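**Q** Structure below; questions to follow.
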Amino acid sequence: MQDKIDQYTAEIKAFTSAKADELEAFRIKYLGTKGLIKELFEQFKTVGTEEKRVFGKVLNEFKQFAEARYNELKDSIDSTVTTEETKLDLTLPGEGVTAGSRHPLSLVRNEIIDIFKRLGFVVAEGPDIEDDWHNFSALNFPEEHPARDMQDTFFIKKNSGTDDIALRTHTSSVQVRMMENGKPPFRAIMPGRVYRNEAISARAHCFFHQVEGLYIDENVSFADLKQTLYHFVQELYGEGTKVRFRPSYFPFTEPSAEMDVSCTICKGAGCNMCKYSGWVEILGCGMVDPNVLENCGIDSKKYTGFAFGMGIERITNLKYVIRDLRLFSENDVRFLEQFKTEII
Ligand code: PHE
């Protein structure tokens, strides 16, 4: 019996595990109801009176020793757990909830709006379904102008020409509505969807998005137009972006121009985004034709102004290096997810 007690004492002293399941196995082995200590007590009952006197004390001391050891190990496990818990730092930022994402065209449209808002422009909108007057006639389009052609325009009601109803082909129609319904000065930008009857490909779509700009006041000159658009480009693409104006033609502006920016991808060195020219066209612009002002009831002797129109898709393509227009309307989550922002 003494041998067993010595052996168990050595084993118990050697046991140092800090794992809860191992400690539980330890408890069952020595202190359990069918454990080794219980067994020793059973044995104790069978020994003679003399031995009982000697072993009674030894056995009780051994039992107390085993229990003390068990409690000691148990306490150390409990305090490790508490230390783990106190490692929890409640001041750390949360994990963040990922919500849906804004469409890249919305992101860029909002950015364009923000830049012009800082210059004092207001935002205006007009209907997608337009009449001939607002989309063409008031904007000085001659009746035989090719843009009115069945090839370009989605007609909803084809009547005699001047009373046609169609999906607007550009946001310039909103300029007319603005000028007809208000009094100068005007400083407005007008974002919206436009429609043209084109076969869908990587570079053309039957609908796309524009932002129109209109600035009418006394003594507005082409220099104002240039400086406003120059500032816009520096804000949008960064300081140092170059611009150039090429003469162009639109029925509703005179003179008219197209504005190019130095390629935002290769910084003008030449790449396939700018077809190795170093320049990309981003908008059409010009001084509002006096005929348009008069059509809208504005005195063209007193007021002058400029207008511009840009395609949001084009600007987005340059910003995110997107080469296929179809991606914008396919709703492929693998594409849209890339514009995700984290909300905390
Ligand atoms: N409406 C023209 C277009 O769709 C762009 C434009 C707007 C040009 C305003 C000059 C002034 O191409």
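Residue names in the structure tokens use chain letters A, B, ... in the order shown, residue numbers from 1 in each chain, and ligand numbers from 1 in the order shown.
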Residues up to 10 Å from ligand 1, counting only C-alpha atoms and all ligand atoms: could you list those as a ChimeraX atom specification?

**A** /A:135,139,168-173,175,194,209-214,248-258,283-289,306-311

**Q** Near A:Ala124, within 8 Å and counting only C-alpha atoms, which residues show up once chain neighbours fewer than 2 positions away are dropped, as a PyMOL selection string?

**A** chain A and resi 122+126+174+178+188-191

**Q** Please list as JSON, numbers by chain every residue within 9 Å of stretch 1-5 of chain A, counting only C-alpha atoms and excluding residues in the same chain fewer than 2 positions away.

**A** {"A": [7, 8, 9, 10, 37, 40, 43, 44, 55, 58, 59, 62]}

**Q** Could you pull out the alpha helix (DSSP H) residues of stretch 215-246 of chain A, going by DSSP on the backbone, and write them as a VMD selection string?

**A** chain A and resid 222 to 237

**Q** Run DSSP on the backbone and grab whatever in stretch 39-268 of chain A lands in strand (DSSP E); send it over as an mmCIF file with N, CA and C atoms, in the first residue's frame.

**A**
data_model
loop_
_atom_site.group_PDB
_atom_site.id
_atom_site.type_symbol
_atom_site.label_atom_id
_atom_site.label_comp_id
_atom_site.auth_asym_id
_atom_site.auth_seq_id
_atom_site.Cartn_x
_atom_site.Cartn_y
_atom_site.Cartn_z
ATOM 1 N N VAL A 97 -19.492 46.518 -41.768
ATOM 2 C CA VAL A 97 -20.556 45.806 -42.469
ATOM 3 C C VAL A 97 -20.441 46.173 -43.939
ATOM 4 N N THR A 98 -20.244 45.166 -44.774
ATOM 5 C CA THR A 98 -20.163 45.509 -46.194
ATOM 6 C C THR A 98 -21.579 45.571 -46.755
ATOM 7 N N VAL A 122 -26.121 74.679 -59.996
ATOM 8 C CA VAL A 122 -27.189 73.872 -59.387
ATOM 9 C C VAL A 122 -27.437 72.657 -60.273
ATOM 10 N N VAL A 123 -28.133 71.664 -59.724
ATOM 11 C CA VAL A 123 -28.414 70.452 -60.490
ATOM 12 C C VAL A 123 -29.864 70.489 -60.964
ATOM 13 N N ILE A 129 -38.380 61.150 -71.973
ATOM 14 C CA ILE A 129 -39.214 61.185 -73.181
ATOM 15 C C ILE A 129 -39.435 62.650 -73.531
ATOM 16 N N GLU A 130 -38.996 63.033 -74.719
ATOM 17 C CA GLU A 130 -38.994 64.441 -75.096
ATOM 18 C C GLU A 130 -39.799 64.670 -76.363
ATOM 19 N N ASP A 131 -40.192 65.927 -76.552
ATOM 20 C CA ASP A 131 -40.802 66.280 -77.827
ATOM 21 C C ASP A 131 -39.736 66.872 -78.746
ATOM 22 N N PHE A 155 -37.979 56.881 -81.925
ATOM 23 C CA PHE A 155 -39.232 57.647 -81.892
ATOM 24 C C PHE A 155 -40.296 56.873 -81.144
ATOM 25 N N ILE A 156 -41.052 57.598 -80.352
ATOM 26 C CA ILE A 156 -42.186 56.977 -79.662
ATOM 27 C C ILE A 156 -43.443 57.258 -80.476
ATOM 28 N N LYS A 157 -43.545 58.492 -80.984
ATOM 29 C CA LYS A 157 -44.628 58.857 -81.916
ATOM 30 C C LYS A 157 -43.996 59.616 -83.069
ATOM 31 N N ILE A 165 -42.540 62.629 -80.908
ATOM 32 C CA ILE A 165 -42.172 62.343 -79.513
ATOM 33 C C ILE A 165 -41.093 61.261 -79.566
ATOM 34 N N ALA A 166 -40.011 61.461 -78.827
ATOM 35 C CA ALA A 166 -38.890 60.517 -78.910
ATOM 36 C C ALA A 166 -38.173 60.399 -77.566
ATOM 37 N N LEU A 167 -37.329 59.379 -77.466
ATOM 38 C CA LEU A 167 -36.427 59.315 -76.312
ATOM 39 C C LEU A 167 -35.329 60.338 -76.572
ATOM 40 N N PHE A 186 -28.146 81.765 -65.418
ATOM 41 C CA PHE A 186 -28.263 80.326 -65.177
ATOM 42 C C PHE A 186 -26.879 79.731 -64.962
ATOM 43 N N ARG A 187 -26.799 78.913 -63.986
ATOM 44 C CA ARG A 187 -25.577 78.108 -63.783
ATOM 45 C C ARG A 187 -26.070 76.739 -63.344
ATOM 46 N N ALA A 188 -26.108 75.787 -64.276
ATOM 47 C CA ALA A 188 -26.705 74.496 -63.918
ATOM 48 C C ALA A 188 -25.989 73.348 -64.600
ATOM 49 N N ILE A 189 -25.978 72.216 -63.928
ATOM 50 C CA ILE A 189 -25.566 70.985 -64.594
ATOM 51 C C ILE A 189 -26.727 70.017 -64.544
ATOM 52 N N MET A 190 -26.830 69.223 -65.621
ATOM 53 C CA MET A 190 -28.019 68.408 -65.814
ATOM 54 C C MET A 190 -27.618 66.993 -66.195
ATOM 55 N N PRO A 191 -27.566 66.096 -65.202
ATOM 56 C CA PRO A 191 -27.199 64.716 -65.513
ATOM 57 C C PRO A 191 -28.418 63.933 -66.003
ATOM 58 N N GLY A 192 -28.189 62.936 -66.846
ATOM 59 C CA GLY A 192 -29.329 62.128 -67.275
ATOM 60 C C GLY A 192 -28.964 61.060 -68.282
ATOM 61 N N ARG A 193 -29.942 60.170 -68.519
ATOM 62 C CA ARG A 193 -29.735 59.071 -69.475
ATOM 63 C C ARG A 193 -30.220 59.504 -70.856
ATOM 64 N N VAL A 194 -29.477 59.138 -71.863
ATOM 65 C CA VAL A 194 -29.851 59.487 -73.244
ATOM 66 C C VAL A 194 -29.848 58.226 -74.116
ATOM 67 N N TYR A 195 -30.534 58.308 -75.237
ATOM 68 C CA TYR A 195 -30.791 57.096 -76.043
ATOM 69 C C TYR A 195 -30.466 57.341 -77.515
ATOM 70 N N PHE A 207 -28.163 53.110 -75.029
ATOM 71 C CA PHE A 207 -28.366 54.209 -74.077
ATOM 72 C C PHE A 207 -27.052 54.467 -73.348
ATOM 73 N N PHE A 208 -26.872 55.690 -72.939
ATOM 74 C CA PHE A 208 -25.698 56.037 -72.133
ATOM 75 C C PHE A 208 -26.044 57.275 -71.302
ATOM 76 N N HIS A 209 -25.072 57.840 -70.646
ATOM 77 C CA HIS A 209 -25.360 58.922 -69.691
ATOM 78 C C HIS A 209 -24.535 60.166 -69.984
ATOM 79 N N GLN A 210 -25.173 61.300 -69.820
ATOM 80 C CA GLN A 210 -24.472 62.560 -70.059
ATOM 81 C C GLN A 210 -24.643 63.493 -68.863
ATOM 82 N N VAL A 211 -23.703 64.445 -68.774
ATOM 83 C CA VAL A 211 -23.909 65.584 -67.876
ATOM 84 C C VAL A 211 -23.807 66.824 -68.745
ATOM 85 N N GLU A 212 -24.883 67.602 -68.726
ATOM 86 C CA GLU A 212 -24.948 68.824 -69.511
ATOM 87 C C GLU A 212 -24.604 69.995 -68.593
ATOM 88 N N GLY A 213 -23.967 71.005 -69.141
ATOM 89 C CA GLY A 213 -23.690 72.196 -68.338
ATOM 90 C C GLY A 213 -24.187 73.427 -69.065
ATOM 91 N N LEU A 214 -24.697 74.389 -68.300
ATOM 92 C CA LEU A 214 -25.179 75.638 -68.913
ATOM 93 C C LEU A 214 -24.814 76.813 -68.011
ATOM 94 N N TYR A 215 -24.257 77.852 -68.646
ATOM 95 C CA TYR A 215 -23.859 79.053 -67.883
ATOM 96 C C TYR A 215 -24.255 80.266 -68.715
ATOM 97 N N ILE A 216 -25.261 81.008 -68.263
ATOM 98 C CA ILE A 216 -25.743 82.175 -69.012
ATOM 99 C C ILE A 216 -25.732 83.390 -68.088
ATOM 100 N N ASP A 217 -25.139 84.454 -68.554
ATOM 101 C CA ASP A 217 -25.146 85.707 -67.793
ATOM 102 C C ASP A 217 -24.755 86.827 -68.756
ATOM 103 N N VAL A 243 -5.327 70.254 -71.329
ATOM 104 C CA VAL A 243 -6.538 70.258 -72.152
ATOM 105 C C VAL A 243 -6.230 70.896 -73.501
ATOM 106 N N ARG A 244 -6.988 70.498 -74.511
ATOM 107 C CA ARG A 244 -6.916 71.222 -75.779
ATOM 108 C C ARG A 244 -8.320 71.288 -76.384
ATOM 109 N N PHE A 245 -8.587 72.381 -77.068
ATOM 110 C CA PHE A 245 -9.895 72.585 -77.679
ATOM 111 C C PHE A 245 -9.741 72.494 -79.189
ATOM 112 N N ARG A 246 -10.581 71.666 -79.823
ATOM 113 C CA ARG A 246 -10.565 71.563 -81.290
ATOM 114 C C ARG A 246 -11.871 72.145 -81.813
ATOM 115 N N PRO A 247 -11.804 72.940 -82.876
ATOM 116 C CA PRO A 247 -13.040 73.492 -83.441
ATOM 117 C C PRO A 247 -13.975 72.358 -83.858
ATOM 118 N N SER A 248 -15.269 72.557 -83.654
ATOM 119 C CA SER A 248 -16.230 71.511 -83.993
ATOM 120 C C SER A 248 -17.537 72.157 -84.429
ATOM 121 N N TYR A 249 -18.572 71.347 -84.585
ATOM 122 C CA TYR A 249 -19.863 71.919 -84.961
ATOM 123 C C TYR A 249 -21.003 71.280 -84.189
ATOM 124 N N PHE A 250 -21.824 72.091 -83.567
ATOM 125 C CA PHE A 250 -23.115 71.664 -83.020
ATOM 126 C C PHE A 250 -24.108 72.744 -83.426
ATOM 127 N N THR A 253 -24.590 75.624 -80.660
ATOM 128 C CA THR A 253 -23.502 76.470 -80.144
ATOM 129 C C THR A 253 -22.721 77.076 -81.307
ATOM 130 N N GLU A 254 -22.218 78.285 -81.066
ATOM 131 C CA GLU A 254 -21.396 78.956 -82.084
ATOM 132 C C GLU A 254 -20.491 79.982 -81.412
ATOM 133 N N PRO A 255 -19.176 79.891 -81.446
ATOM 134 C CA PRO A 255 -18.448 78.752 -82.018
ATOM 135 C C PRO A 255 -18.576 77.503 -81.135
ATOM 136 N N SER A 256 -18.234 76.346 -81.724
ATOM 137 C CA SER A 256 -18.313 75.070 -81.003
ATOM 138 C C SER A 256 -16.929 74.445 -80.935
ATOM 139 N N ALA A 257 -16.744 73.620 -79.941
ATOM 140 C CA ALA A 257 -15.451 72.945 -79.813
ATOM 141 C C ALA A 257 -15.642 71.573 -79.171
ATOM 142 N N GLU A 258 -14.626 70.729 -79.366
ATOM 143 C CA GLU A 258 -14.543 69.501 -78.594
ATOM 144 C C GLU A 258 -13.315 69.637 -77.716
ATOM 145 N N MET A 259 -13.431 69.155 -76.490
ATOM 146 C CA MET A 259 -12.291 69.293 -75.592
ATOM 147 C C MET A 259 -11.635 67.931 -75.368
ATOM 148 N N ASP A 260 -10.315 67.904 -75.520
ATOM 149 C CA ASP A 260 -9.534 66.693 -75.234
ATOM 150 C C ASP A 260 -8.752 66.915 -73.946
ATOM 151 N N VAL A 261 -8.469 65.821 -73.245
ATOM 152 C CA VAL A 261 -7.543 65.902 -72.109
ATOM 153 C C VAL A 261 -6.360 64.997 -72.398
ATOM 154 N N SER A 262 -5.198 65.337 -71.820
ATOM 155 C CA SER A 262 -4.039 64.456 -71.987
ATOM 156 C C SER A 262 -4.405 63.119 -71.363
#

**Q** Between A:Gly278, A:Tyr303, A:Ala204, A:Gly240, which has the minimum distance to A:Phe328 (counting only C-alpha atoms)?

**A**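 Checking each candidate against A:Phe328, we get A:Ala204 as the closest.
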
**Q** List the neighbours of A:Ser137 out to 12 Å using only C-alpha atoms; skip same-chain residues closer than 2 positions along the sequence, and give me the result as a ChimeraX atom specification.

**A** /A:130-135,139-145,147-148,161-164,172-173,176,251-252,291-292,295-296

**Q** Report as number ranges by chain all protein, DNA and RNA residues lying within 12 Å of A:Lys302, evaluated on only C-alpha atoms, omitting residues in the same chain fewer than 5 positions from it.

**A** A: 184-185, 216-220, 290, 293-294, 297

**Q** How would the residues just chosen look if you wrote them out with C-alpha atoms as a JSON list (two decimals), in the first residue's frame?

**A**
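Contents of the output file result_26.json:
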[["chain", "number", "residue", "atom", "x", "y", "z"],
["A", 184, "PRO", "CA", -31.01, 84.43, -66.44],
["A", 185, "PRO", "CA", -28.43, 84.15, -64.97],
["A", 216, "ILE", "CA", -25.74, 82.18, -69.01],
["A", 217, "ASP", "CA", -25.15, 85.71, -67.79],
["A", 218, "GLU", "CA", -24.14, 89.10, -69.07],
["A", 219, "ASN", "CA", -20.65, 89.31, -70.61],
["A", 220, "VAL", "CA", -19.87, 85.59, -70.57],
["A", 290, "PRO", "CA", -28.18, 83.39, -80.10],
["A", 293, "LEU", "CA", -31.44, 81.97, -76.52],
["A", 294, "GLU", "CA", -34.16, 83.69, -78.54],
["A", 297, "GLY", "CA", -37.25, 83.82, -74.69]]

**Q** Identify, on the basis of only C-alpha atoms, every residue whose closest approach to stretch 329-334 of chain A does not exceed 12 Å; exclude the query and any residue fewer than 4 positions from it along the same chain; express the result as a VMD selection string.

**A** chain A and resid 100 to 105 200 to 202 205 to 209 313 324 to 325 338 to 340

**Q** For atom CA of A:Thr304 and atom CA of A:Pro146, determine how far apart the two atoms are, in Å to one decimal place.

**A**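 Atom-to-atom, atom CA of A:Thr304 to atom CA of A:Pro146, that is 27.3 Å.
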
**Q** For a test of reading the model, state the distance in Å between atom CA of A:Lys13 and atom CA of A:Asn71, rounded to one decimal.

**A** 13.2 Å

**Q** Expressed in Å to a single decimal, how great is the separation between atom CA of A:Gly238 and atom CA of A:Arg203?

**A** 25.6 Å

**Q** Given the choices A:Ala99, A:Ala20, A:Val108, A:Ala14, which gets closest to A:Ala66 if the distance is worked out from only C-alpha atoms?

**A**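 Ranking A:Ala99, A:Ala20, A:Val108, A:Ala14 by distance to A:Ala66, first place goes to A:Ala14.
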